[in-house]
>>> print(open('coords13.txt').read())   # compact mmCIF, C-alpha atoms
# COMPACT_ATOMS: atom_id res chain seq x y z
CA MET A 1157 -1.76 14.78 4.95
CA SER A 1158 -4.70 16.83 3.72
CA GLY A 1159 -6.12 19.74 5.67
CA THR A 1160 -2.77 21.19 6.72
CA SER A 1161 -0.71 23.33 4.39
CA PRO A 1162 3.07 23.22 4.62
CA GLU A 1163 4.72 26.31 6.09
CA PRO A 1164 4.96 28.88 3.28
CA ASP A 1165 7.80 31.20 4.33
CA ARG A 1166 10.82 29.01 5.04
CA ARG A 1167 13.55 29.55 2.46
CA ILE A 1168 16.74 27.53 2.13
CA ASP A 1169 19.68 28.51 -0.06
CA ARG A 1170 21.05 25.08 -1.02
CA ASN A 1171 21.96 23.71 -4.44
CA LEU A 1172 20.93 20.14 -3.69
CA PHE A 1173 19.35 17.48 -5.90
CA VAL A 1174 16.65 15.85 -3.75
CA THR A 1175 14.53 12.80 -4.57
CA VAL A 1176 11.24 11.87 -2.91
CA SER A 1177 9.74 8.39 -3.25
CA GLY A 1178 6.86 6.40 -1.84
CA PRO A 1179 3.61 4.62 -2.72
CA PRO A 1180 0.39 6.41 -3.77
CA GLY A 1181 -1.16 8.40 -0.94
CA CYS A 1182 2.08 8.76 1.02
CA GLY A 1183 2.05 12.55 0.69
CA ALA A 1184 4.91 12.83 -1.79
CA THR A 1185 3.31 15.50 -3.99
CA THR A 1186 2.61 17.76 -1.02
CA LEU A 1187 6.14 17.34 0.29
CA VAL A 1188 7.75 17.92 -3.10
CA GLU A 1189 5.83 21.16 -3.59
CA GLY A 1190 6.91 22.34 -0.14
CA ILE A 1191 10.57 21.47 -0.70
CA ALA A 1192 10.60 23.09 -4.15
CA ASP A 1193 9.04 26.23 -2.70
CA ALA A 1194 11.61 26.39 0.11
CA LEU A 1195 14.52 25.82 -2.28
CA ASP A 1196 12.94 28.07 -4.93
CA CYS A 1197 13.51 25.43 -7.57
CA GLY A 1198 11.72 23.25 -10.07
CA TYR A 1199 10.49 19.72 -9.66
CA VAL A 1200 9.21 16.82 -11.72
CA SER A 1201 6.67 14.23 -10.60
CA GLY A 1202 6.59 10.69 -11.94
CA GLY A 1203 2.80 10.81 -11.72
CA GLU A 1204 2.74 13.81 -14.05
CA LEU A 1205 4.99 12.01 -16.54
CA PHE A 1206 2.72 8.96 -16.34
CA ARG A 1207 -0.27 11.15 -17.15
CA GLU A 1208 1.67 12.75 -20.01
CA ILE A 1209 2.32 9.31 -21.50
CA ALA A 1210 -1.40 8.47 -21.16
CA ALA A 1211 -2.34 11.70 -22.93
CA GLU A 1212 0.22 11.12 -25.69
CA ARG A 1213 -1.29 7.71 -26.33
CA ASP A 1214 -4.88 8.99 -26.02
CA MET A 1215 -5.51 6.57 -23.15
CA SER A 1216 -7.13 6.91 -19.74
CA LEU A 1217 -5.05 6.25 -16.65
CA SER A 1218 -6.92 3.00 -16.10
CA GLN A 1219 -6.15 1.88 -19.65
CA LEU A 1220 -2.48 2.76 -19.32
CA ILE A 1221 -2.18 1.03 -15.96
CA ALA A 1222 -3.74 -2.10 -17.44
CA GLU A 1223 -1.33 -1.99 -20.36
CA THR A 1224 1.71 -1.74 -18.08
CA GLY A 1225 0.85 -5.21 -16.85
CA GLU A 1226 1.01 -6.55 -20.40
CA SER A 1227 3.99 -4.69 -21.87
CA GLU A 1228 7.28 -3.51 -20.40
CA GLU A 1229 7.58 -0.76 -23.03
CA ILE A 1230 5.44 1.79 -21.16
CA ASP A 1231 7.20 1.20 -17.85
CA ARG A 1232 10.61 1.55 -19.43
CA ALA A 1233 9.54 4.70 -21.31
CA LEU A 1234 8.60 6.32 -18.01
CA ASP A 1235 11.80 5.19 -16.30
CA GLN A 1236 13.91 6.45 -19.21
CA ARG A 1237 12.34 9.90 -18.90
CA LEU A 1238 12.99 9.93 -15.18
CA ARG A 1239 16.59 8.75 -15.66
CA ARG A 1240 17.29 11.52 -18.19
CA ILE A 1241 15.98 14.10 -15.73
CA ALA A 1242 18.11 12.61 -12.95
CA GLU A 1243 21.21 12.68 -15.14
CA LYS A 1244 20.60 16.31 -16.07
CA TRP A 1245 20.06 17.60 -12.56
CA GLY A 1246 22.63 15.35 -10.95
CA THR A 1247 25.37 17.38 -12.64
CA ALA A 1248 23.69 20.81 -12.72
CA ASN A 1249 24.83 22.01 -9.27
CA LYS A 1250 21.40 23.58 -8.86
CA ALA A 1251 18.52 22.76 -6.56
CA PHE A 1252 15.92 20.38 -7.98
CA VAL A 1253 13.41 17.82 -6.71
CA LEU A 1254 12.49 14.58 -8.49
CA GLU A 1255 9.55 12.50 -7.30
CA SER A 1256 8.60 8.97 -8.24
CA ARG A 1257 8.49 5.60 -6.56
CA LEU A 1258 11.80 4.73 -8.22
CA ALA A 1259 13.39 8.21 -8.13
CA GLY A 1260 15.94 7.37 -5.45
CA TRP A 1261 17.15 4.32 -7.36
CA LEU A 1262 17.14 6.08 -10.74
CA ALA A 1263 19.06 9.07 -9.41
CA GLY A 1264 21.41 6.81 -7.48
CA ASN A 1265 24.65 8.47 -6.44
CA ARG A 1266 23.70 11.60 -8.41
CA ALA A 1267 21.23 12.61 -5.69
CA ASP A 1268 22.38 14.58 -2.67
CA ILE A 1269 19.47 13.55 -0.41
CA ARG A 1270 16.97 10.73 -0.96
CA ILE A 1271 13.70 10.65 0.99
CA TRP A 1272 11.21 7.78 1.37
CA LEU A 1273 7.63 8.41 2.53
CA ASP A 1274 5.04 5.85 3.55
CA ALA A 1275 1.86 5.49 5.58
CA PRO A 1276 -0.43 2.62 6.61
CA ASP A 1277 -2.61 1.22 3.82
CA GLU A 1278 -5.86 2.49 5.33
CA VAL A 1279 -4.45 6.02 5.62
CA ARG A 1280 -3.28 6.05 2.03
CA ALA A 1281 -6.60 4.62 0.80
CA ASP A 1282 -8.48 7.41 2.56
CA ARG A 1283 -6.21 10.07 1.07
CA THR A 1284 -6.65 8.78 -2.48
CA ALA A 1285 -10.41 8.17 -2.35
CA ASP A 1286 -11.21 11.13 -4.61
CA ARG A 1287 -8.53 10.53 -7.23
CA GLU A 1288 -9.24 9.51 -10.81
CA GLU A 1289 -7.59 6.18 -10.13
CA MET A 1290 -9.50 3.88 -7.82
CA THR A 1291 -7.72 2.62 -4.72
CA SER A 1292 -7.85 -0.92 -6.07
CA GLU A 1293 -6.20 0.22 -9.32
CA MET A 1294 -3.39 1.92 -7.44
CA GLN A 1295 -2.84 -1.18 -5.34
CA VAL A 1296 -2.62 -3.27 -8.50
CA ARG A 1297 -0.09 -0.79 -9.93
CA GLU A 1298 1.97 -1.02 -6.73
CA VAL A 1299 2.19 -4.80 -7.05
CA ILE A 1300 3.01 -4.61 -10.76
CA GLU A 1301 5.73 -2.03 -10.12
CA GLU A 1302 7.32 -4.04 -7.33
CA GLN A 1303 7.43 -7.11 -9.55
CA ARG A 1304 8.88 -5.30 -12.53
CA TYR A 1305 11.53 -3.47 -10.49
CA LYS A 1306 12.75 -6.85 -9.32
CA SER A 1307 12.53 -8.61 -12.68
CA TYR A 1308 13.75 -5.74 -14.90
CA TYR A 1309 16.38 -4.10 -12.74
CA GLY A 1310 17.04 -6.45 -9.83
CA ILE A 1311 15.72 -3.81 -7.40
CA ASP A 1312 14.13 -4.83 -4.13
CA LEU A 1313 11.79 -1.97 -3.29
CA SER A 1314 11.62 -3.10 0.35
CA ASP A 1315 15.31 -2.20 0.68
CA ARG A 1316 15.25 1.23 2.34
CA SER A 1317 19.00 1.38 2.91
CA ILE A 1318 19.58 3.83 0.05
CA TYR A 1319 17.37 6.51 1.63
CA ASP A 1320 18.72 9.22 3.90
CA LEU A 1321 15.32 9.94 5.46
CA ALA A 1322 12.32 7.64 5.86
CA ILE A 1323 9.14 9.20 7.24
CA ASN A 1324 5.80 7.64 8.18
CA THR A 1325 3.44 10.42 7.13
CA GLY A 1326 0.62 8.77 9.04
CA ARG A 1327 2.30 10.02 12.22
CA TRP A 1328 2.86 13.65 11.24
CA ASP A 1329 0.81 16.17 9.27
CA ALA A 1330 2.05 17.87 6.11
CA GLU A 1331 3.66 20.80 7.89
CA ALA A 1332 5.57 18.62 10.34
CA THR A 1333 6.70 16.24 7.58
CA LEU A 1334 7.99 19.19 5.56
CA ASP A 1335 9.77 20.54 8.63
CA VAL A 1336 11.58 17.24 9.14
CA ALA A 1337 12.63 17.11 5.48
CA LEU A 1338 13.73 20.75 5.34
CA THR A 1339 15.72 20.40 8.55
CA GLY A 1340 17.59 17.48 7.01
CA ILE A 1341 18.21 19.45 3.81
CA GLU A 1342 19.22 22.63 5.61
CA ARG A 1343 21.62 20.90 8.01
CA TYR A 1344 23.22 18.62 5.45
CA ASP A 1345 26.96 19.32 5.54
CA VAL A 1346 28.90 18.06 2.53
CA ASP A 1347 32.20 18.26 4.41
CA ALA A 1348 30.86 16.21 7.32
CA ASP A 1349 29.19 13.65 5.05
CA GLU A 1350 30.81 10.26 5.67
CA GLY A 1351 29.04 8.63 2.77
CA ALA A 1352 25.68 7.47 1.45
CA PHE A 1353 24.94 3.86 0.63
CA ASP A 1354 26.33 3.21 -2.83
CA THR A 1355 23.68 2.64 -5.49
CA PRO A 1356 24.99 1.11 -8.72
CA ASP A 1357 23.57 2.24 -12.04
CA PHE A 1358 21.39 -0.19 -13.96
CA GLU A 1359 20.33 -0.32 -17.57
CA ILE A 1360 16.76 0.60 -18.53
>>> encode(input="coords13.txt", output="structure tokens")
Amino acid sequence: MSGTSPEPDRRIDRNLFVTVSGPPGCGATTLVEGIADALDCGYVSGGELFREIAAERDMSLSQLIAETGESEEIDRALDQRLRRIAEKWGTANKAFVLESRLAGWLAGNRADIRIWLDAPDEVRADRTADREEMTSEMQVREVIEEQRYKSYYGIDLSDRSIYDLAINTGRWDAEATLDVALTGIERYDVDADEGAFDTPDFEI
């Protein structure tokens, strides 16, 4: 999704709690920034929290990723931070965007709109080629996360039923992806809403 900036001038006056999820390289950060700009609200990224934990422990990202495979404590610390944020903004009646691979599940029924992004592996690898993490490291983290979500929380990450929008960002550029998301947010009618898929809370 690089090379195309999301449209800068669209503004939406909605007090909605939105989550964005997807694997590395799916374009989540770009979309979150665009949504937050349009809603004139704050946002939190799971990747930023992960980096904060690494800095707090004086570890590199590679070291922290390796340690997540050996101890559940780091994973749960990240998920607890995300859950607290979801609980806060789920009752705030103010616009906010939360991004992480597990954000939709952690927010659960507190979220107004949950979005899933994805793209083919080769597309995501190309997008993340210049990141501090190597593509192979991110792929290892993906596998580790999928396994722990299932073993810790009973979550099947391949279950997309909880999401209101699922977008293949390999098919559309950043501006078009943002347009799809903002249209869904703008046209969401609480009174006409016949119900999201129920997502039960789980202990972290």
>>> residues_near_point(input="coords13.txt", point="(3.3, -0.3, -4.3)", cutoff="10 Å", atoms="all atoms listed in the file", output="PyMOL selection string")
chain A and resi 1178-1180+1257+1294-1303+1313-1314
>>> residues_around(input="coords13.txt", residues="region 1318-1334 of chain A", least_positions_apart="4", cutoff="10 Å", atoms="only C-alpha atoms", output="MDAnalysis selection string")
chainID A and resid 1157:1164 1175:1178 1181:1184 1186:1191 1194 1260:1261 1264:1265 1268:1280 1338:1340 1352:1355
>>> closest_residue(input="coords13.txt", among="A:Glu1342, A:Asp1214, A:Asp1286, A:Asp1357", to="Arg1170 (chain A)", atoms="all atoms listed in the file")
A:Glu1342
>>> closest_residue(input="coords13.txt", among="A:Tyr1309, A:Gly1246, A:Ile1230, A:Ala1281", to="Arg1213 (chain A)", atoms="only C-alpha atoms")
A:Ile1230
>>> atom_distance(input="coords13.txt", atom1="CA of Leu1234 (chain A)", atom2="CA of Phe1206 (chain A)")
6.7 Å
>>> residues_around(input="coords13.txt", residues="Leu1254 (chain A)", least_positions_apart="5", cutoff="8 Å", atoms="only C-alpha atoms", output="list in words")
Phe1173, Val1174, Thr1175, Val1176, Val1188, Tyr1199, Val1200, Ser1201, Gly1202, Ala1242 and Ala1259 of chain A
>>> atom_distance(input="coords13.txt", atom1="CA of Val1336 (chain A)", atom2="CA of Thr1284 (chain A)")
23.2 Å
>>> atom_distance(input="coords13.txt", atom1="CA of Arg1166 (chain A)", atom2="CA of Leu1258 (chain A)")
27.7 Å
>>> residues_around(input="coords13.txt", residues="Lys1250 (chain A)", least_positions_apart="5", cutoff="10 Å", atoms="only C-alpha atoms", output="ChimeraX atom specification")
/A:1170-1173,1195,1197-1198,1245
>>> closest_residue(input="coords13.txt", among="A:Asp1282, A:Asp1335, A:Glu1223, A:Glu1228", to="Tyr1308 (chain A)", atoms="only C-alpha atoms")
A:Glu1228
>>> closest_residue(input="coords13.txt", among="A:Ile1209, A:Leu1262, A:Thr1185, A:Arg1304", to="Glu1226 (chain A)", atoms="all atoms listed in the file")
A:Arg1304
>>> closest_residue(input="coords13.txt", among="A:Arg1240, A:Ile1311, A:Ala1285, A:Asp1169", to="Tyr1344 (chain A)", atoms="all atoms listed in the file")
A:Asp1169
